[in-house]
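A short worksheet on the structure shown next.
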Amino acid sequence: EDVILSVENLTVDFYTYEGVLHVLDDVNFQIRRGEIFGVVGESGCGKSVTSRLIMGLVASNAHIKAGKIMFNGKNILKISEEELNKIRGKEISMIFQNPIGSLNPVFKVKDQMINVIMNNQGVDKETALDKAFKLLKIVNMPDPERVLESYPFELSGGMAQRVMIAMAISSKPKLLIADEPTTALDVTIQAQILKLIKELQEKLGMSVLFITHDLGVVAQLCDRIGVMYAGSVVAYGSTYNILKDPKHPYTLGLMGAIPRPEHKGKPLPSIKGSVPNYLDPPPGCRFHPRCQYAMEICKKEKPKMVKVGGNHHVACWLYGGEGD
Ligand code: SF4
Ligand code: MG
């Protein structure tokens, strides 16, 4: 299999005035060429932190305790700023939840797009404008001439996200990171943007890392997923297999179902409790304070990933923990 990005054993602390936050705890996943990979989890699970690290955006208070992020044979966490600048915004680009806020309010769309395109491709202004227009066509922007002459506040959220996507794909990235790109949009527009991302992924042959709290969205869009809880990937594999027959108690909680066959179909009210405090995360399986199946071992030892079916892995002592 052809892997474009590999996050391996990533373990990261953050130093704050309150103390050391043990946020990422041995995160592992791989993104293949030409696939849409979803990272799904509640807010605060570490998914956005992970995506920022993939962009090489390491906060000054971050301490990488272990692990690496391999992109095209290079460890993003180890390469020089100069090398990073050749990758960031070019080979890997990113779109965010708040597209209007991601645009500069004082410049017209035209000027921002021209700027990005000139920077990334070293073309002159006229060529960049021409490319900007074509990119807006590619993202199915209604009335691209008018949009180019608009300021960000004149755009709807959906239009602004199309502008962000147009800029993100202008350099034909190998990997597009989309961090909750549709969360702020209404349902109809959300569906259009998801469809657009899927179309572009196929047309450009790029890989997409799609970050969301919404299992419905990943079901619709993603080939494979990693379910993240409190700084670790707890379930990993094909979206279809994981959602058809969820095994990890946290996945089940997210889906509002419970694992025992005799309980099948009875919904959980919600997952009780909240994401743990990273100052002092629970030992063993970080989910144990919220897990109705927790056993003694869960409080002591972190479970390893084990195979529980075709293209479906979970880190959970219910399925043994000898590793694979
Ligand atoms: Fe629950 Fe234990 Fe599995 Fe963690 S390892 S999800 S606490 S059963
Ligand atoms: Mg986030």
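Ligands are numbered from 1 in the order shown, chains are lettered A, B, ... in the order of the structure tokens, and residues start at 1 in each chain.
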Given only C-alpha atoms and all ligand atoms, how would the per-residue table for chain A near ligand 2 read, listing every residue at most 7 Å away with its closest atom pair and distance in Å to one decimal, sorted by chain and number, as a Markdown table?
```
| residue | atom | partner | partner_atom_place_in_ligand_line | distance |
| --- | --- | --- | --- | --- |
| A:Ser43 | CA | ligand 2 | 1 (Mg) | 5.8 |
| A:Gly44 | CA | ligand 2 | 1 (Mg) | 6.8 |
| A:Lys47 | CA | ligand 2 | 1 (Mg) | 6.4 |
| A:Ser48 | CA | ligand 2 | 1 (Mg) | 4.6 |
| A:Asp179 | CA | ligand 2 | 1 (Mg) | 6.8 |
```
Output file for the residues above (N, CA and C atoms, as a PDB file, in the first residue's frame):
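Generated file (again.pdb):
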```pdb
ATOM      1  N   SER A  43     -14.525  17.398  20.725  1.00  0.00           N
ATOM      2  CA  SER A  43     -13.608  18.521  20.770  1.00  0.00           C
ATOM      3  C   SER A  43     -12.702  18.355  21.986  1.00  0.00           C
ATOM      4  N   GLY A  44     -11.433  18.678  21.804  1.00  0.00           N
ATOM      5  CA  GLY A  44     -10.454  18.487  22.864  1.00  0.00           C
ATOM      6  C   GLY A  44      -9.770  17.125  22.839  1.00  0.00           C
ATOM      7  N   LYS A  47      -7.324  16.199  17.971  1.00  0.00           N
ATOM      8  CA  LYS A  47      -7.303  16.070  16.516  1.00  0.00           C
ATOM      9  C   LYS A  47      -6.764  17.323  15.828  1.00  0.00           C
ATOM     10  N   SER A  48      -7.141  18.506  16.325  1.00  0.00           N
ATOM     11  CA  SER A  48      -6.624  19.734  15.703  1.00  0.00           C
ATOM     12  C   SER A  48      -5.138  19.933  16.001  1.00  0.00           C
ATOM     13  N   ASP A 179      -9.956  20.758   8.558  1.00  0.00           N
ATOM     14  CA  ASP A 179     -10.282  20.682   9.986  1.00  0.00           C
ATOM     15  C   ASP A 179     -11.674  21.253  10.220  1.00  0.00           C
TER      16      ASP A 179
END
```
Near-ligand residues for ligand 1, threshold 7 Å, only C-alpha atoms and all ligand atoms, as JSON, numbers by chain: {"A": [248, 249, 250, 285, 286, 287, 288, 291, 292, 293, 294, 295, 298, 303, 315, 316, 317, 318]}
Proximity to Met167 in chain A - best of A:Val7, A:Leu136, A:Val306, A:Ala230, only C-alpha atoms: A:Leu136
All alpha helix (DSSP H) residues (DSSP, backbone) inside range 26-245 of chain A, as a PyMOL selection string: chain A and resi 47-54+81-87+99-102+109-121+125-138+144-148+157-169+187-204+215-221+239-244
Write the residues you've just listed into a file as an mmCIF file, in the first residue's frame, and include C-alpha atoms for each of them.
```
data_model
loop_
_atom_site.group_PDB
_atom_site.id
_atom_site.type_symbol
_atom_site.label_atom_id
_atom_site.label_comp_id
_atom_site.auth_asym_id
_atom_site.auth_seq_id
_atom_site.Cartn_x
_atom_site.Cartn_y
_atom_site.Cartn_z
ATOM 1 C CA LYS A 47 -7.303 16.070 16.516
ATOM 2 C CA SER A 48 -6.624 19.734 15.703
ATOM 3 C CA VAL A 49 -3.303 19.661 17.565
ATOM 4 C CA THR A 50 -2.312 16.663 15.449
ATOM 5 C CA SER A 51 -3.266 18.384 12.208
ATOM 6 C CA ARG A 52 -1.280 21.501 13.135
ATOM 7 C CA LEU A 53 1.771 19.351 13.829
ATOM 8 C CA ILE A 54 1.368 17.741 10.400
ATOM 9 C CA GLU A 81 12.208 25.713 8.365
ATOM 10 C CA GLU A 82 13.383 26.158 4.778
ATOM 11 C CA GLU A 83 12.340 22.637 3.816
ATOM 12 C CA LEU A 84 9.103 23.080 5.707
ATOM 13 C CA ASN A 85 8.297 26.179 3.689
ATOM 14 C CA LYS A 86 8.530 24.106 0.526
ATOM 15 C CA ILE A 87 5.917 21.724 1.901
ATOM 16 C CA PRO A 99 -13.448 30.434 6.444
ATOM 17 C CA ILE A 100 -14.436 34.097 6.733
ATOM 18 C CA GLY A 101 -12.122 34.546 9.717
ATOM 19 C CA SER A 102 -9.314 32.830 7.801
ATOM 20 C CA VAL A 109 -10.606 38.058 -2.589
ATOM 21 C CA LYS A 110 -8.725 38.813 -5.812
ATOM 22 C CA ASP A 111 -5.713 40.244 -3.984
ATOM 23 C CA GLN A 112 -5.531 37.408 -1.455
ATOM 24 C CA MET A 113 -5.749 34.746 -4.125
ATOM 25 C CA ILE A 114 -3.198 36.488 -6.345
ATOM 26 C CA ASN A 115 -0.854 36.767 -3.388
ATOM 27 C CA VAL A 116 -1.056 33.063 -2.532
ATOM 28 C CA ILE A 117 -0.685 31.978 -6.150
ATOM 29 C CA MET A 118 2.281 34.304 -6.845
ATOM 30 C CA ASN A 119 3.994 33.091 -3.666
ATOM 31 C CA ASN A 120 3.482 29.422 -4.331
ATOM 32 C CA GLN A 121 4.047 29.331 -8.047
ATOM 33 C CA LYS A 125 0.336 39.044 -11.269
ATOM 34 C CA GLU A 126 -1.609 38.747 -14.506
ATOM 35 C CA THR A 127 -1.066 34.992 -14.707
ATOM 36 C CA ALA A 128 -2.031 34.666 -11.033
ATOM 37 C CA LEU A 129 -5.304 36.519 -11.622
ATOM 38 C CA ASP A 130 -6.059 34.253 -14.528
ATOM 39 C CA LYS A 131 -5.354 31.208 -12.354
ATOM 40 C CA ALA A 132 -7.504 32.612 -9.530
ATOM 41 C CA PHE A 133 -10.438 32.891 -11.913
ATOM 42 C CA LYS A 134 -9.937 29.313 -13.141
ATOM 43 C CA LEU A 135 -9.654 28.009 -9.577
ATOM 44 C CA LEU A 136 -12.960 29.638 -8.646
ATOM 45 C CA LYS A 137 -14.504 27.862 -11.626
ATOM 46 C CA ILE A 138 -13.010 24.554 -10.437
ATOM 47 C CA PRO A 144 -16.465 34.210 -9.997
ATOM 48 C CA GLU A 145 -15.881 37.695 -11.502
ATOM 49 C CA ARG A 146 -17.952 39.294 -8.781
ATOM 50 C CA VAL A 147 -16.409 37.175 -6.026
ATOM 51 C CA LEU A 148 -12.899 38.221 -7.078
ATOM 52 C CA GLY A 157 -19.788 31.132 4.744
ATOM 53 C CA GLY A 158 -20.121 28.616 1.922
ATOM 54 C CA MET A 159 -18.619 31.007 -0.642
ATOM 55 C CA ALA A 160 -15.764 31.893 1.702
ATOM 56 C CA GLN A 161 -15.020 28.194 2.188
ATOM 57 C CA ARG A 162 -14.948 27.750 -1.597
ATOM 58 C CA VAL A 163 -12.393 30.574 -1.791
ATOM 59 C CA MET A 164 -10.306 28.886 0.927
ATOM 60 C CA ILE A 165 -10.512 25.568 -0.912
ATOM 61 C CA ALA A 166 -9.549 27.252 -4.199
ATOM 62 C CA MET A 167 -6.443 28.718 -2.549
ATOM 63 C CA ALA A 168 -5.633 25.442 -0.803
ATOM 64 C CA ILE A 169 -5.671 23.470 -4.068
ATOM 65 C CA VAL A 187 -26.756 21.616 6.386
ATOM 66 C CA THR A 188 -27.412 22.249 2.675
ATOM 67 C CA ILE A 189 -24.156 24.120 2.212
ATOM 68 C CA GLN A 190 -22.329 21.479 4.252
ATOM 69 C CA ALA A 191 -23.485 18.797 1.811
ATOM 70 C CA GLN A 192 -22.297 20.897 -1.159
ATOM 71 C CA ILE A 193 -18.863 21.451 0.353
ATOM 72 C CA LEU A 194 -18.445 17.748 1.197
ATOM 73 C CA LYS A 195 -19.395 16.873 -2.361
ATOM 74 C CA LEU A 196 -16.884 19.415 -3.652
ATOM 75 C CA ILE A 197 -14.065 18.014 -1.491
ATOM 76 C CA LYS A 198 -14.839 14.510 -2.751
ATOM 77 C CA GLU A 199 -14.900 15.694 -6.390
ATOM 78 C CA LEU A 200 -11.621 17.564 -6.047
ATOM 79 C CA GLN A 201 -9.966 14.647 -4.295
ATOM 80 C CA GLU A 202 -10.840 12.427 -7.241
ATOM 81 C CA LYS A 203 -10.008 15.002 -9.905
ATOM 82 C CA LEU A 204 -6.634 15.976 -8.423
ATOM 83 C CA LEU A 215 -19.638 10.365 12.464
ATOM 84 C CA GLY A 216 -22.341 11.037 9.878
ATOM 85 C CA VAL A 217 -19.920 13.147 7.897
ATOM 86 C CA VAL A 218 -17.144 10.543 7.959
ATOM 87 C CA ALA A 219 -19.609 7.819 6.987
ATOM 88 C CA GLN A 220 -20.488 9.826 3.903
ATOM 89 C CA LEU A 221 -17.000 10.913 2.930
ATOM 90 C CA THR A 239 -15.081 3.382 7.805
ATOM 91 C CA TYR A 240 -17.586 0.825 6.633
ATOM 92 C CA ASN A 241 -16.324 -1.954 8.888
ATOM 93 C CA ILE A 242 -15.987 0.252 11.952
ATOM 94 C CA LEU A 243 -19.435 1.790 11.656
ATOM 95 C CA LYS A 244 -21.179 -1.384 10.563
#
```
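Among the candidates A:Lys65, A:Tyr236, A:Lys90, A:Pro105, the residue lying nearest to His22 in chain A is A:Lys65 (atoms considered: only C-alpha atoms).
We find CA of Asp25 in chain A and CA of Ile177 in chain A to be spaced 21.1 Å apart.
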Test item, strand (DSSP E or B) assignment across range 53-302 of chain A, answer as a ChimeraX atom specification: /A:62-71,74-75,88,92-95,175-179,207-212,224-229,232-238
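Interatomic distance, CA of Gly56 in chain A to CA of Ile92 in chain A: 9.9 Å.
Nearest residue to His213 in chain A among A:Val39, A:Ile297, A:Ala59, A:Leu24 is A:Val39, counting only C-alpha atoms.
When the distance limit is 10 Å and only C-alpha atoms are what count, the residues near range 68-70 of chain A, minus those fewer than 6 positions from it on the same chain, are Val3, Ile4, Leu5, Ser6, Val7, Glu8, Asn9, Leu10, Thr11, Val27, Asn28, Phe29, Gln30, Thr50, Leu53, Ile54, Met55, Gly56, Ile76, Leu77 and Lys78 of chain A.
Among the candidates A:Pro289, A:Asn311, A:Val106, A:Ser93, the residue lying nearest to Ala178 in chain A is A:Ser93 (atoms considered: only C-alpha atoms).
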Within 8 Å of Gln97 in chain A using only C-alpha atoms, minus same-chain residues under 2 positions, as an NGL selection string: :A and (95 or 99 or 179-184)
Got time to write the residues from that selection, N, CA and C atoms, as a tab-separated table (two decimals), in the first residue's frame?
```tsv
chain	number	residue	atom	x	y	z
A	95	ILE	N	-7.50	23.69	5.20
A	95	ILE	CA	-8.67	24.57	5.32
A	95	ILE	C	-9.26	24.39	6.72
A	99	PRO	N	-14.08	29.93	7.67
A	99	PRO	CA	-13.45	30.43	6.44
A	99	PRO	C	-13.40	31.96	6.37
A	179	ASP	N	-9.96	20.76	8.56
A	179	ASP	CA	-10.28	20.68	9.99
A	179	ASP	C	-11.67	21.25	10.22
A	180	GLU	N	-12.64	20.38	10.38
A	180	GLU	CA	-14.05	20.76	10.60
A	180	GLU	C	-14.51	21.81	9.58
A	181	PRO	N	-14.25	21.60	8.29
A	181	PRO	CA	-14.50	22.67	7.31
A	181	PRO	C	-15.97	23.01	7.11
A	182	THR	N	-16.86	22.15	7.57
A	182	THR	CA	-18.28	22.40	7.31
A	182	THR	C	-19.07	22.62	8.60
A	183	THR	N	-18.40	22.59	9.74
A	183	THR	CA	-19.09	22.67	11.02
A	183	THR	C	-19.87	23.96	11.19
A	184	ALA	N	-19.32	25.06	10.65
A	184	ALA	CA	-19.97	26.36	10.84
A	184	ALA	C	-21.03	26.64	9.76
```
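The shortest atom-to-atom distance to Glu18 in chain A, with only C-alpha atoms taken into account, belongs to A:Leu279 out of A:Leu279, A:Ile211, A:Ile64, A:Asp124.
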Shortest interatomic distance to Lys302 in chain A - which of A:Ser232, A:Asn72, A:Asn277, A:Ser207, counting only C-alpha atoms: A:Ser232
Spatial neighbours of Val208 in chain A, 7 Å, only C-alpha atoms, chain gap at least 6 places, as a ChimeraX atom specification: /A:35-37,175-177
